[in-house]
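For reference, structure.cif is printed below; it contains mmCIF, C-alpha atoms.
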```cif
data_entry
#
loop_
_atom_site.label_atom_id
_atom_site.label_comp_id
_atom_site.auth_asym_id
_atom_site.auth_seq_id
_atom_site.Cartn_x
_atom_site.Cartn_y
_atom_site.Cartn_z
CA MET A 1 20.55 10.39 22.51
CA ARG A 2 18.79 8.17 25.03
CA TYR A 3 21.70 5.80 25.72
CA PHE A 4 25.47 6.36 25.95
CA PRO A 5 27.24 2.98 26.37
CA VAL A 6 30.77 3.48 27.60
CA GLU A 7 33.63 1.04 26.98
CA CYS A 8 34.62 -1.06 29.93
CA ALA A 9 38.22 0.07 29.51
CA SER A 10 37.11 3.62 30.31
CA VAL A 11 35.78 2.69 33.75
CA THR A 12 38.54 0.21 34.61
CA GLY A 13 41.53 2.16 33.33
CA PRO A 14 43.95 4.20 35.44
CA ALA A 15 42.25 7.54 34.77
CA PHE A 16 38.96 6.39 36.26
CA SER A 17 40.65 4.47 39.08
CA CYS A 18 42.80 7.45 40.11
CA ALA A 19 39.80 9.77 40.37
CA THR A 20 38.03 10.22 43.67
CA PHE A 21 34.55 8.80 44.23
CA GLU A 22 33.13 12.32 44.01
CA GLN A 23 34.89 12.93 40.70
CA GLN A 24 33.64 9.61 39.31
CA GLY A 25 30.07 10.60 40.13
CA GLN A 26 30.60 14.07 38.68
CA TRP A 27 32.00 12.45 35.51
CA LEU A 28 28.81 10.38 35.15
CA ASN A 29 26.77 13.57 35.51
CA LEU A 30 28.86 15.17 32.78
CA LEU A 31 28.36 12.17 30.48
CA THR A 32 24.62 12.24 31.06
CA TYR A 33 24.35 15.96 30.32
CA CYS A 34 26.55 15.82 27.18
CA ALA A 35 24.75 12.74 25.82
CA GLY A 36 21.39 14.49 26.20
CA GLN A 37 22.74 17.56 24.40
CA GLU A 38 24.64 15.46 21.81
CA ASN A 39 27.46 17.98 21.98
CA GLY A 40 30.29 15.49 21.40
CA GLY A 41 31.45 15.65 25.03
CA ARG A 42 32.40 19.33 24.77
CA ILE A 43 30.60 22.11 26.64
CA GLU A 44 31.57 25.14 24.59
CA GLY A 45 32.19 28.36 26.50
CA ALA A 46 31.75 26.64 29.85
CA ALA A 47 34.30 28.99 31.46
CA GLU A 48 31.99 31.94 30.74
CA LEU A 49 28.80 30.27 32.02
CA PRO A 50 27.44 31.36 35.44
CA ALA A 51 27.87 29.21 38.52
CA VAL A 52 24.14 28.43 38.62
CA PHE A 53 24.53 26.43 35.39
CA PHE A 54 26.99 24.04 37.01
CA GLN A 55 24.86 23.69 40.12
CA ARG A 56 21.59 22.96 38.30
CA SER A 57 22.72 21.16 35.13
CA LEU A 58 25.82 19.32 36.39
CA ALA A 59 25.01 19.02 40.11
CA MET A 60 28.36 20.45 41.26
CA SER A 61 30.03 23.80 41.73
CA LYS A 62 32.06 25.56 39.08
CA LYS A 63 35.15 25.53 41.27
CA GLU A 64 35.09 21.74 41.45
CA PHE A 65 35.33 21.56 37.66
CA GLU A 66 38.21 24.01 37.68
CA SER A 67 40.24 21.65 39.86
CA GLU A 68 42.49 19.13 38.14
CA CYS A 69 40.84 15.78 37.31
CA PRO A 70 41.82 12.85 35.04
CA LEU A 71 38.22 12.50 33.79
CA TRP A 72 37.78 15.94 32.24
CA THR A 73 39.94 18.79 31.03
CA TRP A 74 39.72 22.35 29.78
CA ASP A 75 40.41 23.37 26.20
CA GLY A 76 40.46 27.13 26.41
CA PRO A 77 36.97 28.16 27.54
CA ASP A 78 35.52 24.72 26.64
CA LEU A 79 35.03 21.92 29.15
CA VAL A 80 35.91 18.56 27.53
CA VAL A 81 34.70 15.25 28.99
CA LYS A 82 37.15 12.40 28.55
CA PHE A 83 36.05 8.96 27.27
CA TYR A 84 32.85 10.42 25.83
CA PRO A 85 31.24 7.82 23.42
CA LEU A 86 31.44 10.06 20.34
CA GLN A 87 31.12 7.14 17.90
CA ASN A 88 27.83 6.08 19.47
CA GLN A 89 26.51 9.62 19.15
CA GLU A 90 27.45 9.77 15.45
CA LYS A 91 25.80 6.38 14.88
CA CYS A 92 22.64 7.58 16.61
CA GLU A 93 22.56 10.74 14.48
CA ALA A 94 23.07 8.73 11.27
CA LEU A 95 20.21 6.37 12.13
CA ARG A 96 17.94 9.30 12.93
CA GLU A 97 18.73 11.00 9.61
CA SER A 98 18.20 7.74 7.72
CA GLY A 99 14.82 7.27 9.39
CA ARG A 100 13.81 10.83 8.54
CA LYS A 101 14.69 10.36 4.86
CA GLY A 102 12.96 6.99 4.79
CA GLY A 103 9.81 8.52 6.25
CA LYS A 104 9.80 11.23 3.58
CA THR A 105 10.29 8.61 0.85
CA ARG A 106 7.38 6.51 2.13
CA ALA A 107 5.15 9.57 2.39
CA ALA A 108 6.03 10.68 -1.15
CA LYS A 109 5.38 7.17 -2.50
CA ALA A 110 2.00 6.99 -0.76
CA GLN A 111 1.07 10.42 -2.15
CA ALA A 112 2.10 9.36 -5.68
CA GLU A 113 0.04 6.16 -5.44
CA LYS A 114 -2.97 8.14 -4.25
CA GLN A 115 -2.65 10.62 -7.13
CA GLU A 116 -2.30 7.78 -9.64
CA ALA A 117 -5.41 6.06 -8.26
CA ASN A 118 -7.38 9.33 -8.49
CA ALA A 119 -6.15 9.89 -12.06
CA GLN A 120 -7.26 6.40 -13.09
CA ALA A 121 -10.67 6.93 -11.52
CA ASP A 122 -11.06 10.25 -13.36
CA ALA A 123 -10.00 8.67 -16.65
CA GLN A 124 -12.57 5.91 -16.27
CA ALA A 125 -15.29 8.42 -15.46
CA ASN A 126 -14.36 10.63 -18.41
CA ALA A 127 -14.40 7.65 -20.77
CA SER A 128 -18.18 7.31 -20.43
CA THR A 129 -20.10 8.42 -23.53
CA ASP A 130 -22.57 10.10 -21.22
CA TYR A 131 -20.14 13.04 -21.25
CA ILE A 132 -19.92 13.56 -25.03
CA LEU A 133 -19.71 17.27 -25.79
CA PRO A 134 -21.36 18.85 -28.84
CA ASN A 135 -19.09 19.43 -31.81
CA PRO A 136 -18.81 23.21 -32.39
CA THR A 137 -17.84 22.56 -36.03
CA GLN A 138 -21.22 20.99 -36.76
CA SER A 139 -24.62 22.61 -36.89
CA HIS A 140 -27.92 20.78 -36.88
CA LYS A 141 -30.87 22.41 -38.56
CA THR A 142 -34.25 21.29 -39.68
CA LYS A 143 -34.04 20.03 -43.23
CA GLU A 144 -36.25 22.21 -45.36
CA ASP A 145 -36.53 22.53 -49.15
CA PRO A 146 -38.96 25.25 -50.23
CA THR A 147 -38.89 24.00 -53.85
CA GLN A 148 -40.11 20.54 -52.94
CA GLN A 149 -43.01 19.25 -50.91
CA SER A 150 -42.24 16.87 -48.09
CA SER A 151 -43.27 13.33 -48.84
CA THR A 152 -44.73 13.04 -45.34
CA GLU A 153 -46.97 16.09 -45.75
CA SER A 154 -50.36 16.22 -47.47
CA PRO A 155 -51.00 18.68 -50.33
CA PRO A 156 -52.15 22.13 -49.15
CA GLY A 157 -55.81 22.27 -48.40
CA GLU A 158 -56.19 18.49 -48.19
CA PRO A 159 -56.33 16.53 -44.93
CA ALA A 160 -53.64 13.89 -44.42
CA SER A 161 -54.69 10.29 -44.89
CA PRO A 162 -54.31 7.80 -41.99
CA GLU A 163 -51.32 6.22 -43.74
CA GLU A 164 -49.62 9.62 -44.14
CA ARG A 165 -50.24 10.51 -40.48
CA ASP A 166 -48.74 7.21 -39.34
CA SER A 167 -45.69 7.74 -41.57
CA LEU A 168 -45.18 11.29 -40.25
CA LEU A 169 -45.47 10.22 -36.60
CA LYS A 170 -42.98 7.39 -37.16
CA ALA A 171 -40.45 9.72 -38.82
CA MET A 172 -40.71 12.28 -36.00
CA LYS A 173 -40.41 9.55 -33.38
CA ASP A 174 -37.20 8.27 -35.02
CA VAL A 175 -35.55 11.71 -34.72
CA GLY A 176 -36.89 12.54 -31.28
CA GLY A 177 -39.82 14.60 -32.49
CA LYS A 178 -37.61 17.42 -33.76
CA GLY A 179 -37.94 16.89 -37.48
CA LEU A 180 -35.43 15.56 -39.96
CA LEU A 181 -31.86 16.73 -39.20
CA ARG A 182 -29.07 17.81 -41.47
CA ASP A 183 -25.38 17.57 -40.48
CA ASP A 184 -23.63 20.45 -42.23
CA GLY A 185 -19.96 19.94 -43.08
CA VAL A 186 -19.87 16.21 -42.22
CA GLY A 187 -21.65 13.77 -44.43
CA SER A 188 -21.96 10.00 -44.14
CA GLY A 189 -20.06 7.18 -45.78
CA SER A 190 -17.57 8.39 -48.35
CA ALA A 191 -18.52 12.06 -47.69
CA ILE A 192 -16.73 11.96 -44.30
CA THR A 193 -13.02 12.71 -44.22
CA LEU A 194 -10.38 11.57 -41.75
CA ASP A 195 -10.31 15.10 -40.32
CA ASP A 196 -14.04 14.76 -39.63
CA LEU A 197 -13.32 11.66 -37.54
CA TYR A 198 -10.63 13.59 -35.64
CA ARG A 199 -13.11 16.40 -34.96
CA LYS A 200 -15.59 13.84 -33.68
CA ILE A 201 -12.96 12.52 -31.28
CA GLU A 202 -12.32 16.07 -30.00
CA THR A 203 -15.97 16.18 -28.83
CA LEU A 204 -15.42 13.20 -26.52
CA LYS A 205 -14.55 13.94 -22.93
CA ILE A 206 -11.73 11.44 -22.52
CA GLY A 207 -8.21 11.59 -21.16
CA PRO A 208 -5.12 12.39 -23.29
CA HIS A 209 -4.04 8.75 -23.41
CA ASN A 210 -7.45 7.56 -24.65
CA ARG A 211 -7.60 10.46 -27.12
CA ILE A 212 -4.37 9.25 -28.75
CA ARG A 213 -5.76 5.69 -28.86
CA ALA A 214 -8.96 6.99 -30.44
CA GLN A 215 -7.00 8.77 -33.18
CA ASP A 216 -5.07 5.56 -33.94
CA ILE A 217 -8.35 3.63 -34.15
CA ALA A 218 -9.76 6.30 -36.49
CA ARG A 219 -6.75 6.05 -38.82
CA LYS A 220 -7.05 2.25 -38.94
CA LEU A 221 -10.80 2.51 -39.60
CA TRP A 222 -10.06 4.93 -42.45
CA ASP A 223 -7.69 2.39 -44.00
CA ASP A 224 -10.05 -0.55 -43.41
CA THR A 225 -12.92 1.25 -45.14
CA GLU A 226 -10.88 2.37 -48.17
CA GLY A 227 -11.23 6.01 -47.22
CA GLY A 228 -14.69 5.70 -45.66
CA LYS A 229 -16.30 3.92 -48.62
CA ARG A 230 -16.70 0.19 -47.95
CA LEU A 231 -16.34 -2.10 -44.96
CA GLY A 232 -16.39 -5.85 -45.54
CA GLY A 233 -17.43 -5.28 -49.14
CA LYS A 234 -20.51 -3.25 -48.16
CA PRO A 235 -20.96 0.52 -48.47
CA VAL A 236 -20.46 2.50 -45.26
CA LYS A 237 -23.58 4.46 -44.38
CA ASP A 238 -22.37 6.29 -41.26
CA LEU A 239 -18.61 6.20 -40.68
CA ARG A 240 -18.90 8.14 -37.42
CA ALA A 241 -21.24 5.49 -36.00
CA VAL A 242 -18.77 2.77 -36.99
CA LEU A 243 -16.00 4.74 -35.25
CA MET A 244 -18.04 5.03 -32.02
CA THR A 245 -18.71 1.26 -32.13
CA ARG A 246 -14.99 0.54 -32.44
CA LEU A 247 -14.12 2.97 -29.64
CA GLN A 248 -16.61 1.19 -27.38
CA ALA A 249 -15.20 -2.21 -28.35
CA GLU A 250 -11.65 -1.04 -27.56
CA GLY A 251 -12.72 0.33 -24.18
CA VAL A 252 -11.90 3.95 -25.04
CA ILE A 253 -15.47 5.01 -24.27
CA ARG A 254 -18.32 3.30 -22.49
CA LYS A 255 -21.71 2.43 -23.81
CA LYS A 256 -24.56 4.59 -22.60
CA ARG A 257 -26.70 3.02 -19.93
CA LYS A 258 -30.32 2.70 -20.88
#
```
Before we go any further, please render this structure as structure tokens.
Amino acid sequence: MRYFPVECASVTGPAFSCATFEQQGQWLNLLTYCAGQENGGRIEGAAELPAVFFQRSLAMSKKEFESECPLWTWDGPDLVVKFYPLQNQEKCEALRESGRKGGKTRAAKAQAEKQEANAQADAQANASTDYILPNPTQSHKTKEDPTQQSSTESPPGEPASPEERDSLLKAMKDVGGKGLLRDDGVGSGSAITLDDLYRKIETLKIGPHNRIRAQDIARKLWDDTEGGKRLGGKPVKDLRAVLMTRLQAEGVIRKKRK
């Protein structure tokens, strides 16, 4: 410890007064050394230490400590300093330990707050619909029916009329130029089941908390639409699209930026 306040009674009592001036100075050297070592005022095994220790650490010879003095005594091989402020040392050690624990607690709290902030940032980033993954349970293929002729195609051997060309270009533009698509396994409106909505949610890259919210919203939508049939008295054309709109409105996913 850096300080070792001594009671006034220790330096005004008979033990201190009966000691010689040299012994009083040597006692102060002993207090200073023991306080720095925080050894409780006891130098263990001092009797077995070499003389150079006493000369360099305590600024006096070993023989001087072996002489009788009211300010220190020997307990077997240990040199014991009288009136050592042991209570102050224990208080200093307790404050140091409390500060060490408090520092660890503050560091752990700061680390937890940092991790929570990072988790919230990741959850917000994952909620964007820009990160929607394809549903492996669905397959998209070009709709073809060899038994019927497409209404947008001209009969074989005849050139398409201007009206037919315009209609074909508009249809391809609406589907991204890839032809009409078919969604196997998941229909629209009443053909979609609640499990289909759950599978749609599994394709969204969102956090666990938002995934649970999305499932609750899907169940409520299923009830509101009478099993995917009608919403507000009107037939439901695409229940998955209605689900995505509700998820965006509830903040589970974000709208795509144009």
Practice prompt. Could you expand the PyMOL selection byres ((chain A and resi 224-230) around 8) into the explicit residues it covers here, written as a PyMOL selection string?
Written response: chain A and resi 189-194+220-223+231-236+239
Requested write-out: C-alpha atoms of the selected residues, as a compact mmCIF listing (two decimals), keeping the file's coordinate frame:
```txt
# COMPACT_ATOMS: atom_id res chain seq x y z
CA GLY A 189 -20.06 7.18 -45.78
CA SER A 190 -17.57 8.39 -48.35
CA ALA A 191 -18.52 12.06 -47.69
CA ILE A 192 -16.73 11.96 -44.30
CA THR A 193 -13.02 12.71 -44.22
CA LEU A 194 -10.38 11.57 -41.75
CA LYS A 220 -7.05 2.25 -38.94
CA LEU A 221 -10.80 2.51 -39.60
CA TRP A 222 -10.06 4.93 -42.45
CA ASP A 223 -7.69 2.39 -44.00
CA LEU A 231 -16.34 -2.10 -44.96
CA GLY A 232 -16.39 -5.85 -45.54
CA GLY A 233 -17.43 -5.28 -49.14
CA LYS A 234 -20.51 -3.25 -48.16
CA PRO A 235 -20.96 0.52 -48.47
CA VAL A 236 -20.46 2.50 -45.26
CA LEU A 239 -18.61 6.20 -40.68
```
Discussion item. If we count all atoms listed in the file and set the cut-off at 9 Å, which residues sit around Ile43 in chain A, ignoring sequence neighbours fewer than 3 positions away in its own chain? Please answer as an NGL selection string.
Written reply: :A and (34 or 39-40 or 46 or 77-81)
Item to complete: Tell me which residues the PyMOL selection byres ((chain A and resi 85) around 12) grabs here, as a PyMOL selection string.
Response: chain A and resi 1+3-8+10+31-32+34-35+38-42+81-84+86-92
Discussion item. Could you tell me how far CA of Ala112 in chain A sits from CA of Arg254 in chain A, in Å to one decimal place?
Written reply: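 So the answer is 27.1 Å.
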Item to complete: May I ask for the distance between CA of Ile253 in chain A and CA of Ala214 in chain A, given in Å to one decimal place?
Response: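 Answer for the CA of Ile253 in chain A to CA of Ala214 in chain A separation: 9.2 Å.
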Residues matched by the PyMOL selection byres ((chain A and resi 207) around 9), written as a PDB file with C-alpha atoms, keeping the file's coordinate frame:
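Now in selection21.pdb:
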```
ATOM      1  CA  ASP A 122     -11.060  10.250 -13.360  1.00  0.00           C
ATOM      2  CA  ALA A 123     -10.000   8.670 -16.650  1.00  0.00           C
ATOM      3  CA  GLN A 124     -12.570   5.910 -16.270  1.00  0.00           C
ATOM      4  CA  ASN A 126     -14.360  10.630 -18.410  1.00  0.00           C
ATOM      5  CA  ALA A 127     -14.400   7.650 -20.770  1.00  0.00           C
ATOM      6  CA  LYS A 205     -14.550  13.940 -22.930  1.00  0.00           C
ATOM      7  CA  ILE A 206     -11.730  11.440 -22.520  1.00  0.00           C
ATOM      8  CA  PRO A 208      -5.120  12.390 -23.290  1.00  0.00           C
ATOM      9  CA  HIS A 209      -4.040   8.750 -23.410  1.00  0.00           C
ATOM     10  CA  ASN A 210      -7.450   7.560 -24.650  1.00  0.00           C
ATOM     11  CA  ARG A 211      -7.600  10.460 -27.120  1.00  0.00           C
ATOM     12  CA  ILE A 212      -4.370   9.250 -28.750  1.00  0.00           C
TER      13      ILE A 212
END
```
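Across the model, the gap from CA of Lys109 in chain A to CA of Gly251 in chain A is 29.1 Å.
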Set the distance at 8 Å and use all atoms listed in the file: which residues neighbour range 55-65 of chain A once local chain neighbours fewer than 6 positions away are removed? I'd like the list as a compact mmCIF listing (two decimals) with C-alpha atoms, in the frame of the given file.
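The result, written out as around_31.txt:
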```txt
# COMPACT_ATOMS: atom_id res chain seq x y z
CA GLN A 26 30.60 14.07 38.68
CA ASN A 29 26.77 13.57 35.51
CA LEU A 30 28.86 15.17 32.78
CA TYR A 33 24.35 15.96 30.32
```
Discussion item. My list of candidates is A:Ala108, A:Ala125, A:Asp238, A:Asp75. Which is closest to Gly45 in chain A when distances are computed with all atoms listed in the file?
Written reply: A:Asp75
